[in-house]
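**Q** After the structure tokens below, expect a handful of questions from me.
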Amino acid sequence: MIDFKAISKQYNTPLYLYDFNHIASQYTTLKEAFRARKSLICYAVKANSNLSVIKHLGDLGAGCDCVSIGEVKRALLAGVANYKIIFSGVGKLDEEIYEALQKDILMINLESEAELERVEIQAQALNLQARISIRVNPNIDPMTHPYISTGLHENKFGVDLDTAKRMYIKAKNSAFLDPVGIHFHIGSQLTELAPIKESSEVVADLVRSLKALDINIKFFDIGGGLGIDYDDETLIEPYQYAQAIFSTLTGLDVTIMCEPGRFLVGNSGYFVTKVLYEKINGDKRFVIVDGAMNDLIRPSLYNAFHRVELLDRKEHISKADIVGPVCESGDFFAKDVDLPASYHDDLIVIKSAGAYCFTMSSNYNTRGKVAEVALEDGKVRLIRKRETFEDMIKNEKDYL
Ligand SMILES: *Cc1c(COP(=O)(O)O)cnc(C)c1O
């Protein structure tokens with residue numbers, strides 16, 4: 001049991017708490033599942049980019065999957081080795097590519113033919129060979145929320161099989177490109193194994209046909225996307241996941257890479273917020289808390305479900321909306337949930353708040369970003385201090 005009350009007293013609310021032991025056990029479970037083959041788990045930093053979270057995973061052996069040079073720098077600062085860092089994303093800047101090459105990271109994941117040319121130019125300027133991988137869009141429906149589906153041609157990600165092949169040949173013939181990897185990532189919060197297996201088959205076939213052209217792919221990157229339990233979803237078992245991938249790789253000597261974000265940190269995180277007021281409008285009950293959509297936007301953005309718990313109360317249960325102080329009707333954490341009567345300063349814990357929560361937070365309504373704390377082996381420590389008003393205005397105040 002986590003003592004949210006004591007922790008909130010010490011660090012105030014709203015607050016994010018991450019259970020580092022849970023993160024470690026998620027990492028180990030996945031790593032063990034792939035034990036039969038060479039593997040590298042690259043944590044998708046965008047899920048939760050707190051330096052201490054990255055360092056924790058790096059210490060366990062994880063690499064990092066980054067989608068901006070800022071994330072690459074975070075990974076390096078947190079002590080992750082450059083040869084375990086990969087750089088993905090559809091819109092990399094020339095400067096980002098240049099810097100990633102200078103830092104000699106493991107590889108850059110290309111998402112278009114045009115990008116291949118930009119990387120070649122930057123590599124030539126540095127007079128080196130850029131290790132690259134190509135993101136293939138297998139055009140397979142991942143059966144997840146359309147906002148987090150990425151593996152269909154209608155999504156902006158990756159290139160089709162023919163384009164990928166053409167790009168590999170171009171890369172092989174370039175003095176400044178070294179095609180070492182292949183990549184697919186079909187979506188997030190995936191709960192069905194079949195589309196992943198099917199994608200892996202398609203991509204593995206491409207690897208075989210590249211082999212015939214003397215293009216030898218060393219890294220087979222299966223992306224991230226493993227779903228987690230927000231609301232009793234049926235989940236993909238890591239062991240079954242690994243077995244499904246293995247079954248597609250017969251005869252191929254590759255290092256399997258995967259890029260989980262949500263799976264590693266999602267259910268390790270809690271958002272703790274305090275009840276300010278209750279009010280009734282007509283026959284609707286609202287519980288107004290000190291956290292808001294700027295702190296945790298997933299319900300507002302995707303209509304995402306998060307379990308909520310009002311601590312220490314059991315009486316007079318009725319339906320309620322849990323809402324924040326921000327001036328938007330979309331500012332809610334839960335709608336029509338059964339909730340006991342609550343009182344000023346009661347605590348509400350929002351579950352599954354470790355991934356895509358703090359990292360998506362903003363200063364909307366001039367609300368400072370909240371504190372983040374880590375819980376490890378029964379001890380709690382601050383890993384990001386609460387933003388002050390001064391922090392929020394520091395880039396503006398000199399221009400008055
Ligand atoms: C976002 C992303 C991931 C991580 O997705 P999760 O659903 O958090 O596992 C992995 N790879 C790429 C390329 C991504 O864009």
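In the structure tokens, the first chain shown is A, the next is B, and so on; residue numbers restart at 1 for each chain, and ligands run from 1 in the order shown.
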Select the residues contacting ligand 1 at a distance of at most 6 Å, based on only C-alpha atoms and all ligand atoms, then format the selection as a ChimeraX atom specification.

**A** /A:44,47,88,185,188-189,223-226,259-263

**Q** Which polymer residues have any atom within 8 Å of an atom of range 298-314 of chain A, counting only C-alpha atoms, with same-chain residues fewer than 4 positions away left out, as number ranges by chain?

**A** A: 147, 230-231, 293, 330-334, 339-342, 346-353, 356-357

**Q** Could you take the residues named above and write them with C-alpha atoms, as a tab-separated table (two decimals), in the first residue's frame?

**A**
chain	number	residue	atom	x	y	z
A	147	TYR	CA	-5.58	8.87	-32.67
A	230	TYR	CA	-6.70	0.90	-17.71
A	231	ASP	CA	-10.14	-0.69	-17.56
A	293	MET	CA	-6.46	18.96	-17.80
A	330	GLY	CA	-13.44	19.40	-21.41
A	331	ASP	CA	-11.52	19.69	-18.16
A	332	PHE	CA	-12.42	16.40	-16.50
A	333	PHE	CA	-10.73	13.26	-15.16
A	334	ALA	CA	-13.77	11.03	-14.88
A	339	LEU	CA	-18.00	8.12	-5.76
A	340	PRO	CA	-18.59	8.40	-2.02
A	341	ALA	CA	-19.35	11.84	-0.60
A	342	SER	CA	-16.11	13.82	-0.45
A	346	ASP	CA	-9.75	14.59	0.66
A	347	LEU	CA	-7.38	12.90	-1.78
A	348	ILE	CA	-8.32	11.42	-5.12
A	349	VAL	CA	-5.84	9.14	-6.86
A	350	ILE	CA	-5.97	8.83	-10.65
A	351	LYS	CA	-4.47	5.47	-11.67
A	352	SER	CA	-2.40	4.46	-14.70
A	353	ALA	CA	-0.88	7.94	-14.84
A	356	TYR	CA	1.60	10.33	-21.58
A	357	CYS	CA	0.46	12.29	-18.56

**Q** I need the alpha helix (DSSP H) residues of range 158-372 of chain A per DSSP on the backbone, written as a PyMOL selection string.

**A** chain A and resi 161-172+194-212+238-248+262-265+298-302

**Q** Considering only C-alpha atoms, can you say which of A:Met257, A:Leu177, A:Ile69, A:Ile297 comes closest to Leu93 in chain A?

**A** A:Ile69

**Q** Just how far from CA of Thr255 in chain A is CA of Ser39 in chain A, in Å to one decimal?

**A**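 Rounded to one decimal, the two atoms are 5.2 Å apart.
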
**Q** Which residues in range 213-357 of chain A does DSSP call strand (DSSP E or B)? List them as an NGL selection string.

**A** :A and (219-221 or 226 or 255-258 or 269-281 or 284-289 or 308-310 or 318-323 or 332-339 or 347-350)

**Q** Just the residues within 10 Å of range 8-21 of chain A, please, counting only C-alpha atoms, with nothing from its chain fewer than 5 positions along; format it as a CSV table (one decimal) with all heavy atoms, in the first residue's frame.

**A**
chain,number,residue,atom,x,y,z
A,2,ILE,N,0.5,2.2,-0.9
A,2,ILE,CA,1.3,3.4,-0.9
A,2,ILE,C,0.6,4.4,0.0
A,2,ILE,O,-0.6,4.6,-0.1
A,2,ILE,CB,1.3,3.9,-2.4
A,2,ILE,CG1,2.0,2.9,-3.3
A,2,ILE,CG2,2.1,5.3,-2.5
A,2,ILE,CD1,1.9,3.2,-4.8
A,3,ASP,N,1.4,5.1,0.8
A,3,ASP,CA,0.9,6.1,1.8
A,3,ASP,C,0.7,7.4,1.1
A,3,ASP,O,1.5,8.4,1.3
A,3,ASP,CB,1.8,6.2,3.0
A,3,ASP,CG,1.1,6.9,4.1
A,3,ASP,OD1,0.0,7.6,3.9
A,3,ASP,OD2,1.6,6.9,5.2
A,26,GLN,N,8.3,-4.5,-14.8
A,26,GLN,CA,7.8,-4.5,-16.2
A,26,GLN,C,8.9,-4.7,-17.1
A,26,GLN,O,8.8,-5.5,-18.1
A,26,GLN,CB,7.1,-3.1,-16.5
A,26,GLN,CG,5.7,-2.9,-15.8
A,26,GLN,CD,4.7,-3.9,-16.2
A,26,GLN,OE1,4.4,-4.9,-15.5
A,26,GLN,NE2,4.0,-3.6,-17.3
A,27,TYR,N,10.0,-4.0,-16.9
A,27,TYR,CA,11.2,-4.1,-17.8
A,27,TYR,C,11.7,-5.5,-17.8
A,27,TYR,O,11.9,-6.1,-18.9
A,27,TYR,CB,12.3,-3.1,-17.4
A,27,TYR,CG,13.6,-3.3,-18.1
A,27,TYR,CD1,13.7,-2.8,-19.4
A,27,TYR,CD2,14.6,-4.1,-17.6
A,27,TYR,CE1,14.8,-3.0,-20.2
A,27,TYR,CE2,15.7,-4.4,-18.4
A,27,TYR,CZ,15.8,-3.8,-19.7
A,27,TYR,OH,17.0,-4.0,-20.4
A,52,SER,N,15.1,11.1,-14.1
A,52,SER,CA,15.3,10.0,-13.1
A,52,SER,C,14.6,8.7,-13.6
A,52,SER,O,15.1,7.6,-13.3
A,52,SER,CB,14.8,10.4,-11.7
A,52,SER,OG,15.5,11.5,-11.3
A,53,VAL,N,13.5,8.8,-14.3
A,53,VAL,CA,12.8,7.7,-14.9
A,53,VAL,C,13.7,7.1,-16.0
A,53,VAL,O,13.9,5.8,-16.0
A,53,VAL,CB,11.4,8.0,-15.5
A,53,VAL,CG1,10.8,6.9,-16.2
A,53,VAL,CG2,10.5,8.5,-14.3
A,56,HIS,N,16.7,5.4,-14.3
A,56,HIS,CA,16.3,4.1,-13.7
A,56,HIS,C,16.2,3.0,-14.8
A,56,HIS,O,16.8,1.9,-14.6
A,56,HIS,CB,14.9,4.3,-13.1
A,56,HIS,CG,14.3,3.2,-12.4
A,56,HIS,ND1,15.0,2.4,-11.4
A,56,HIS,CD2,13.1,2.6,-12.5
A,56,HIS,CE1,14.3,1.5,-11.0
A,56,HIS,NE2,13.1,1.5,-11.6
A,57,LEU,N,15.6,3.3,-15.9
A,57,LEU,CA,15.5,2.3,-17.0
A,57,LEU,C,16.9,2.0,-17.6
A,57,LEU,O,17.2,0.9,-17.9
A,57,LEU,CB,14.5,2.7,-18.0
A,57,LEU,CG,13.0,2.4,-17.5
A,57,LEU,CD1,12.0,3.2,-18.3
A,57,LEU,CD2,12.7,0.9,-17.7
A,265,VAL,N,5.9,2.2,-18.1
A,265,VAL,CA,5.7,3.2,-17.0
A,265,VAL,C,4.2,3.5,-16.7
A,265,VAL,O,3.9,4.1,-15.7
A,265,VAL,CB,6.4,4.5,-17.4
A,265,VAL,CG1,7.9,4.3,-17.3
A,265,VAL,CG2,6.0,5.1,-18.7
A,266,GLY,N,3.3,3.1,-17.6
A,266,GLY,CA,1.9,3.5,-17.5
A,266,GLY,C,1.3,3.2,-16.2
A,266,GLY,O,0.8,4.1,-15.5
A,267,ASN,N,1.3,1.9,-15.8
A,267,ASN,CA,0.7,1.5,-14.6
A,267,ASN,C,1.6,1.7,-13.4
A,267,ASN,O,1.2,1.3,-12.3
A,267,ASN,CB,0.1,0.1,-14.7
A,267,ASN,CG,-1.3,0.1,-15.3
A,267,ASN,OD1,-2.0,1.1,-15.2
A,267,ASN,ND2,-1.7,-1.0,-15.9
A,268,SER,N,2.7,2.3,-13.6
A,268,SER,CA,3.6,2.6,-12.4
A,268,SER,C,3.3,4.0,-11.9
A,268,SER,O,3.9,4.3,-10.8
A,268,SER,CB,5.1,2.5,-12.9
A,268,SER,OG,5.3,1.3,-13.6
A,269,GLY,N,2.5,4.7,-12.5
A,269,GLY,CA,2.3,6.1,-12.1
A,269,GLY,C,0.9,6.4,-11.5
A,269,GLY,O,-0.1,5.8,-11.9
A,270,TYR,N,0.9,7.4,-10.6
A,270,TYR,CA,-0.4,7.8,-10.0
A,270,TYR,C,-0.4,9.3,-10.0
A,270,TYR,O,0.7,10.0,-9.7
A,270,TYR,CB,-0.4,7.3,-8.5
A,270,TYR,CG,-0.3,5.8,-8.4
A,270,TYR,CD1,0.9,5.2,-8.4
A,270,TYR,CD2,-1.4,5.0,-8.3
A,270,TYR,CE1,1.0,3.8,-8.2
A,270,TYR,CE2,-1.4,3.7,-8.1
A,270,TYR,CZ,-0.1,3.1,-8.1
A,270,TYR,OH,0.0,1.7,-8.0
A,271,PHE,N,-1.5,9.9,-10.3
A,271,PHE,CA,-1.7,11.3,-10.1
A,271,PHE,C,-2.6,11.6,-8.9
A,271,PHE,O,-3.7,11.0,-8.8
A,271,PHE,CB,-2.4,11.9,-11.4
A,271,PHE,CG,-2.6,13.4,-11.4
A,271,PHE,CD1,-1.5,14.2,-11.4
A,271,PHE,CD2,-3.8,13.9,-11.3
A,271,PHE,CE1,-1.6,15.6,-11.4
A,271,PHE,CE2,-4.0,15.3,-11.3
A,271,PHE,CZ,-2.9,16.1,-11.3
A,272,VAL,N,-2.0,12.4,-8.0
A,272,VAL,CA,-2.7,12.6,-6.7
A,272,VAL,C,-3.2,14.0,-6.7
A,272,VAL,O,-2.4,15.0,-6.9
A,272,VAL,CB,-1.8,12.3,-5.5
A,272,VAL,CG1,-2.6,12.4,-4.2
A,272,VAL,CG2,-1.1,11.0,-5.6
A,273,THR,N,-4.5,14.1,-6.4
A,273,THR,CA,-5.1,15.5,-6.4
A,273,THR,C,-6.0,15.6,-5.2
A,273,THR,O,-6.5,14.6,-4.7
A,273,THR,CB,-5.8,15.7,-7.8
A,273,THR,OG1,-6.4,17.0,-7.8
A,273,THR,CG2,-6.9,14.7,-8.1
A,274,LYS,N,-6.3,16.8,-4.9
A,274,LYS,CA,-7.0,17.1,-3.6
A,274,LYS,C,-8.4,17.7,-4.0
A,274,LYS,O,-8.6,18.4,-4.9
A,274,LYS,CB,-6.2,18.2,-2.9
A,274,LYS,CG,-6.5,18.2,-1.4
A,274,LYS,CD,-5.6,19.3,-0.7
A,274,LYS,CE,-4.3,18.8,-0.3
A,274,LYS,NZ,-3.3,19.8,0.1
A,289,VAL,N,-11.5,19.4,-8.2
A,289,VAL,CA,-10.2,19.0,-7.5
A,289,VAL,C,-9.1,20.0,-7.9
A,289,VAL,O,-9.3,20.8,-8.8
A,289,VAL,CB,-9.8,17.6,-7.9
A,289,VAL,CG1,-10.7,16.6,-7.4
A,289,VAL,CG2,-9.6,17.4,-9.4
A,290,ASP,N,-7.9,19.9,-7.3
A,290,ASP,CA,-6.9,20.9,-7.6
A,290,ASP,C,-6.1,20.6,-8.8
A,290,ASP,O,-5.3,21.4,-9.3
A,290,ASP,CB,-6.0,21.2,-6.3
A,290,ASP,CG,-5.2,20.0,-5.9
A,290,ASP,OD1,-5.4,18.9,-6.4
A,290,ASP,OD2,-4.4,20.2,-4.9
A,291,GLY,N,-6.2,19.4,-9.3
A,291,GLY,CA,-5.5,19.0,-10.6
A,291,GLY,C,-6.4,19.3,-11.7
A,291,GLY,O,-7.6,19.5,-11.6
A,292,ALA,N,-5.9,19.4,-13.0
A,292,ALA,CA,-6.7,19.8,-14.1
A,292,ALA,C,-6.1,19.2,-15.4
A,292,ALA,O,-5.1,18.5,-15.4
A,292,ALA,CB,-6.8,21.3,-14.2
A,295,ASP,N,-2.6,19.3,-16.4
A,295,ASP,CA,-1.7,18.4,-15.7
A,295,ASP,C,-1.8,17.0,-16.3
A,295,ASP,O,-0.8,16.3,-16.3
A,295,ASP,CB,-2.0,18.3,-14.2
A,295,ASP,CG,-2.1,19.6,-13.5
A,295,ASP,OD1,-1.1,20.4,-13.6
A,295,ASP,OD2,-3.1,19.8,-12.8
A,296,LEU,N,-3.0,16.6,-16.7
A,296,LEU,CA,-3.2,15.2,-17.2
A,296,LEU,C,-4.3,15.4,-18.2
A,296,LEU,O,-5.5,15.5,-17.8
A,296,LEU,CB,-3.6,14.4,-16.0
A,296,LEU,CG,-3.6,12.8,-16.2
A,296,LEU,CD1,-3.7,12.1,-14.8
A,296,LEU,CD2,-4.6,12.3,-17.1
A,345,ASP,N,-10.1,18.8,1.0
A,345,ASP,CA,-8.8,18.2,1.3
A,345,ASP,C,-8.7,16.7,1.3
A,345,ASP,O,-7.7,16.1,1.5
A,345,ASP,CB,-8.3,18.7,2.7
A,345,ASP,CG,-7.8,20.1,2.7
A,345,ASP,OD1,-7.6,20.7,1.5
A,345,ASP,OD2,-7.5,20.7,3.7
A,347,LEU,N,-8.3,13.2,-0.6
A,347,LEU,CA,-7.4,12.9,-1.8
A,347,LEU,C,-8.1,12.0,-2.8
A,347,LEU,O,-8.7,11.0,-2.4
A,347,LEU,CB,-6.1,12.2,-1.3
A,347,LEU,CG,-5.2,13.1,-0.5
A,347,LEU,CD1,-3.9,12.3,0.0
A,347,LEU,CD2,-4.7,14.4,-1.2
A,348,ILE,N,-7.9,12.3,-4.1
A,348,ILE,CA,-8.3,11.4,-5.1
A,348,ILE,C,-7.1,11.0,-5.9
A,348,ILE,O,-6.2,11.8,-6.3
A,348,ILE,CB,-9.4,12.1,-6.1
A,348,ILE,CG1,-10.7,12.3,-5.3
A,348,ILE,CG2,-9.6,11.3,-7.3
A,348,ILE,CD1,-11.8,13.0,-6.1
A,349,VAL,N,-7.0,9.7,-6.1
A,349,VAL,CA,-5.8,9.1,-6.9
A,349,VAL,C,-6.3,8.7,-8.2
A,349,VAL,O,-7.3,7.9,-8.4
A,349,VAL,CB,-5.2,8.0,-6.1
A,349,VAL,CG1,-4.1,7.4,-6.9
A,349,VAL,CG2,-4.7,8.4,-4.7
A,350,ILE,N,-5.7,9.2,-9.3
A,350,ILE,CA,-6.0,8.8,-10.6
A,350,ILE,C,-4.9,7.8,-11.0
A,350,ILE,O,-3.7,8.1,-11.0
A,350,ILE,CB,-5.9,10.0,-11.6
A,350,ILE,CG1,-6.5,11.3,-11.0
A,350,ILE,CG2,-6.3,9.7,-13.0
A,350,ILE,CD1,-7.9,11.6,-11.4
A,352,SER,N,-3.0,4.6,-13.4
A,352,SER,CA,-2.4,4.5,-14.7
A,352,SER,C,-1.9,5.8,-15.3
A,352,SER,O,-2.1,6.1,-16.4
A,352,SER,CB,-3.4,3.9,-15.7
A,352,SER,OG,-4.0,2.7,-15.1
A,353,ALA,N,-1.2,6.6,-14.4
A,353,ALA,CA,-0.9,7.9,-14.8
A,353,ALA,C,0.6,8.1,-15.1
A,353,ALA,O,1.2,9.2,-15.0
A,353,ALA,CB,-1.4,8.9,-13.8
A,354,GLY,N,1.3,7.0,-15.4
A,354,GLY,CA,2.7,7.1,-15.6
A,354,GLY,C,3.2,7.4,-17.0
A,354,GLY,O,4.3,7.8,-17.2
A,357,CYS,N,1.2,11.4,-19.5
A,357,CYS,CA,0.5,12.3,-18.6
A,357,CYS,C,1.3,13.5,-18.3
A,357,CYS,O,1.1,14.6,-18.8
A,357,CYS,CB,0.1,11.5,-17.3
A,357,CYS,SG,-1.2,10.3,-17.7
A,358,PHE,N,2.3,13.4,-17.4
A,358,PHE,CA,3.2,14.5,-17.1
A,358,PHE,C,3.8,15.1,-18.4
A,358,PHE,O,3.8,16.3,-18.6
A,358,PHE,CB,4.3,14.2,-16.2
A,358,PHE,CG,5.1,15.5,-15.8
A,358,PHE,CD1,4.7,16.3,-14.7
A,358,PHE,CD2,6.1,15.9,-16.6
A,358,PHE,CE1,5.3,17.5,-14.4
A,358,PHE,CE2,6.8,17.1,-16.3
A,358,PHE,CZ,6.4,17.9,-15.2
A,369,LYS,N,3.7,23.5,-13.7
A,369,LYS,CA,3.8,22.0,-13.8
A,369,LYS,C,4.0,21.4,-12.4
A,369,LYS,O,4.7,22.0,-11.6
A,369,LYS,CB,4.9,21.6,-14.7
A,369,LYS,CG,4.5,22.0,-16.1
A,369,LYS,CD,5.3,21.2,-17.2
A,369,LYS,CE,4.9,21.7,-18.5
A,369,LYS,NZ,5.8,21.1,-19.6
A,370,VAL,N,3.4,20.3,-12.1
A,370,VAL,CA,3.3,19.8,-10.7
A,370,VAL,C,4.6,19.0,-10.4
A,370,VAL,O,5.5,18.8,-11.3
A,370,VAL,CB,2.1,18.8,-10.6
A,370,VAL,CG1,0.8,19.6,-11.0
A,370,VAL,CG2,2.3,17.5,-11.3
A,371,ALA,N,4.8,18.7,-9.1
A,371,ALA,CA,5.9,17.9,-8.7
A,371,ALA,C,5.8,16.5,-9.1
A,371,ALA,O,4.7,15.9,-9.3
A,371,ALA,CB,6.1,18.0,-7.2
A,372,GLU,N,7.0,15.8,-9.3
A,372,GLU,CA,7.0,14.4,-9.5
A,372,GLU,C,7.9,13.7,-8.5
A,372,GLU,O,9.0,14.3,-8.1
A,372,GLU,CB,7.6,14.1,-10.9
A,372,GLU,CG,6.8,14.5,-12.1
A,372,GLU,CD,7.5,14.3,-13.4
A,372,GLU,OE1,8.5,15.0,-13.7
A,372,GLU,OE2,7.1,13.4,-14.2
A,373,VAL,N,7.4,12.6,-7.9
A,373,VAL,CA,8.2,11.9,-6.9
A,373,VAL,C,8.3,10.4,-7.3
A,373,VAL,O,7.5,9.9,-8.0
A,373,VAL,CB,7.6,12.0,-5.5
A,373,VAL,CG1,7.5,13.5,-5.0
A,373,VAL,CG2,6.3,11.3,-5.4
A,374,ALA,N,9.4,9.8,-6.8
A,374,ALA,CA,9.7,8.4,-7.1
A,374,ALA,C,9.5,7.7,-5.8
A,374,ALA,O,10.0,8.1,-4.7
A,374,ALA,CB,11.1,8.2,-7.7
A,375,LEU,N,9.0,6.5,-5.9
A,375,LEU,CA,8.9,5.6,-4.7
A,375,LEU,C,9.7,4.4,-5.1
A,375,LEU,O,9.4,3.7,-6.1
A,375,LEU,CB,7.4,5.2,-4.5
A,375,LEU,CG,7.1,4.1,-3.5
A,375,LEU,CD1,7.5,4.5,-2.1
A,375,LEU,CD2,5.6,3.7,-3.5
A,376,GLU,N,10.7,4.1,-4.3
A,376,GLU,CA,11.6,2.9,-4.6
A,376,GLU,C,12.0,2.3,-3.3
A,376,GLU,O,12.5,2.9,-2.4
A,376,GLU,CB,12.8,3.4,-5.4
A,376,GLU,CG,13.6,2.2,-5.9
A,376,GLU,CD,14.7,2.7,-6.8
A,376,GLU,OE1,15.1,3.9,-6.8
A,376,GLU,OE2,15.2,1.8,-7.6
A,377,ASP,N,11.8,1.0,-3.2
A,377,ASP,CA,12.1,0.2,-1.9
A,377,ASP,C,11.5,0.9,-0.7
A,377,ASP,O,12.2,1.0,0.3
A,377,ASP,CB,13.6,0.0,-1.8
A,377,ASP,CG,14.2,-0.7,-3.0
A,377,ASP,OD1,13.5,-1.5,-3.7
A,377,ASP,OD2,15.4,-0.4,-3.4
A,378,GLY,N,10.3,1.4,-0.8
A,378,GLY,CA,9.7,2.0,0.4
A,378,GLY,C,10.1,3.4,0.7
A,378,GLY,O,9.5,4.0,1.6
A,380,VAL,N,10.6,7.5,-0.6
A,380,VAL,CA,10.1,8.4,-1.5
A,380,VAL,C,11.1,9.6,-1.7
A,380,VAL,O,11.7,10.0,-0.8
A,380,VAL,CB,8.8,9.0,-1.0
A,380,VAL,CG1,8.2,10.0,-2.0
A,380,VAL,CG2,7.8,7.9,-0.8
A,381,ARG,N,11.3,10.0,-3.0
A,381,ARG,CA,12.2,11.1,-3.2
A,381,ARG,C,11.6,12.0,-4.3
A,381,ARG,O,11.0,11.5,-5.3
A,381,ARG,CB,13.6,10.7,-3.5
A,381,ARG,CG,13.8,9.8,-4.8
A,381,ARG,CD,15.2,9.5,-5.0
A,381,ARG,NE,15.5,9.0,-6.4
A,381,ARG,CZ,15.3,7.8,-6.8
A,381,ARG,NH1,14.9,6.8,-6.0
A,381,ARG,NH2,15.5,7.4,-8.1
A,382,LEU,N,12.0,13.3,-4.3
A,382,LEU,CA,11.5,14.2,-5.3
A,382,LEU,C,12.4,14.0,-6.5
A,382,LEU,O,13.6,13.9,-6.4
A,382,LEU,CB,11.7,15.6,-4.7
A,382,LEU,CG,11.2,16.8,-5.6
A,382,LEU,CD1,9.6,16.7,-5.6
A,382,LEU,CD2,11.6,18.1,-5.0
A,383,ILE,N,11.7,14.0,-7.7
A,383,ILE,CA,12.5,13.9,-9.0
A,383,ILE,C,12.2,15.0,-9.9
A,383,ILE,O,12.9,15.2,-11.0
A,383,ILE,CB,12.3,12.5,-9.7
A,383,ILE,CG1,10.9,12.2,-10.0
A,383,ILE,CG2,12.9,11.4,-8.8
A,383,ILE,CD1,10.7,11.0,-10.8
A,384,ARG,N,11.3,15.9,-9.6
A,384,ARG,CA,11.1,17.1,-10.3
A,384,ARG,C,10.3,18.1,-9.4
A,384,ARG,O,9.3,17.7,-8.9
A,384,ARG,CB,10.3,17.0,-11.6
A,384,ARG,CG,10.3,18.2,-12.4
A,384,ARG,CD,9.3,18.1,-13.6
A,384,ARG,NE,9.7,18.8,-14.8
A,384,ARG,CZ,9.4,20.1,-15.0
A,384,ARG,NH1,8.7,20.8,-14.2
A,384,ARG,NH2,9.8,20.7,-16.1
A,385,LYS,N,10.9,19.2,-9.1
A,385,LYS,CA,10.2,20.1,-8.2
A,385,LYS,C,9.1,20.9,-8.9
A,385,LYS,O,9.1,21.0,-10.1
A,385,LYS,CB,11.2,21.1,-7.5
A,385,LYS,CG,11.9,22.1,-8.4
A,385,LYS,CD,12.8,22.9,-7.6
A,385,LYS,CE,13.5,23.9,-8.5
A,385,LYS,NZ,14.6,24.6,-7.9
A,386,ARG,N,8.1,21.3,-8.1
A,386,ARG,CA,7.0,22.0,-8.6
A,386,ARG,C,7.4,23.3,-9.3
A,386,ARG,O,8.3,24.0,-8.7
A,386,ARG,CB,6.0,22.2,-7.4
A,386,ARG,CG,4.7,22.7,-7.7
A,386,ARG,CD,3.8,22.8,-6.4
A,386,ARG,NE,3.7,21.5,-5.8
A,386,ARG,CZ,2.8,20.6,-6.2
A,386,ARG,NH1,2.0,20.8,-7.2
A,386,ARG,NH2,2.7,19.4,-5.6
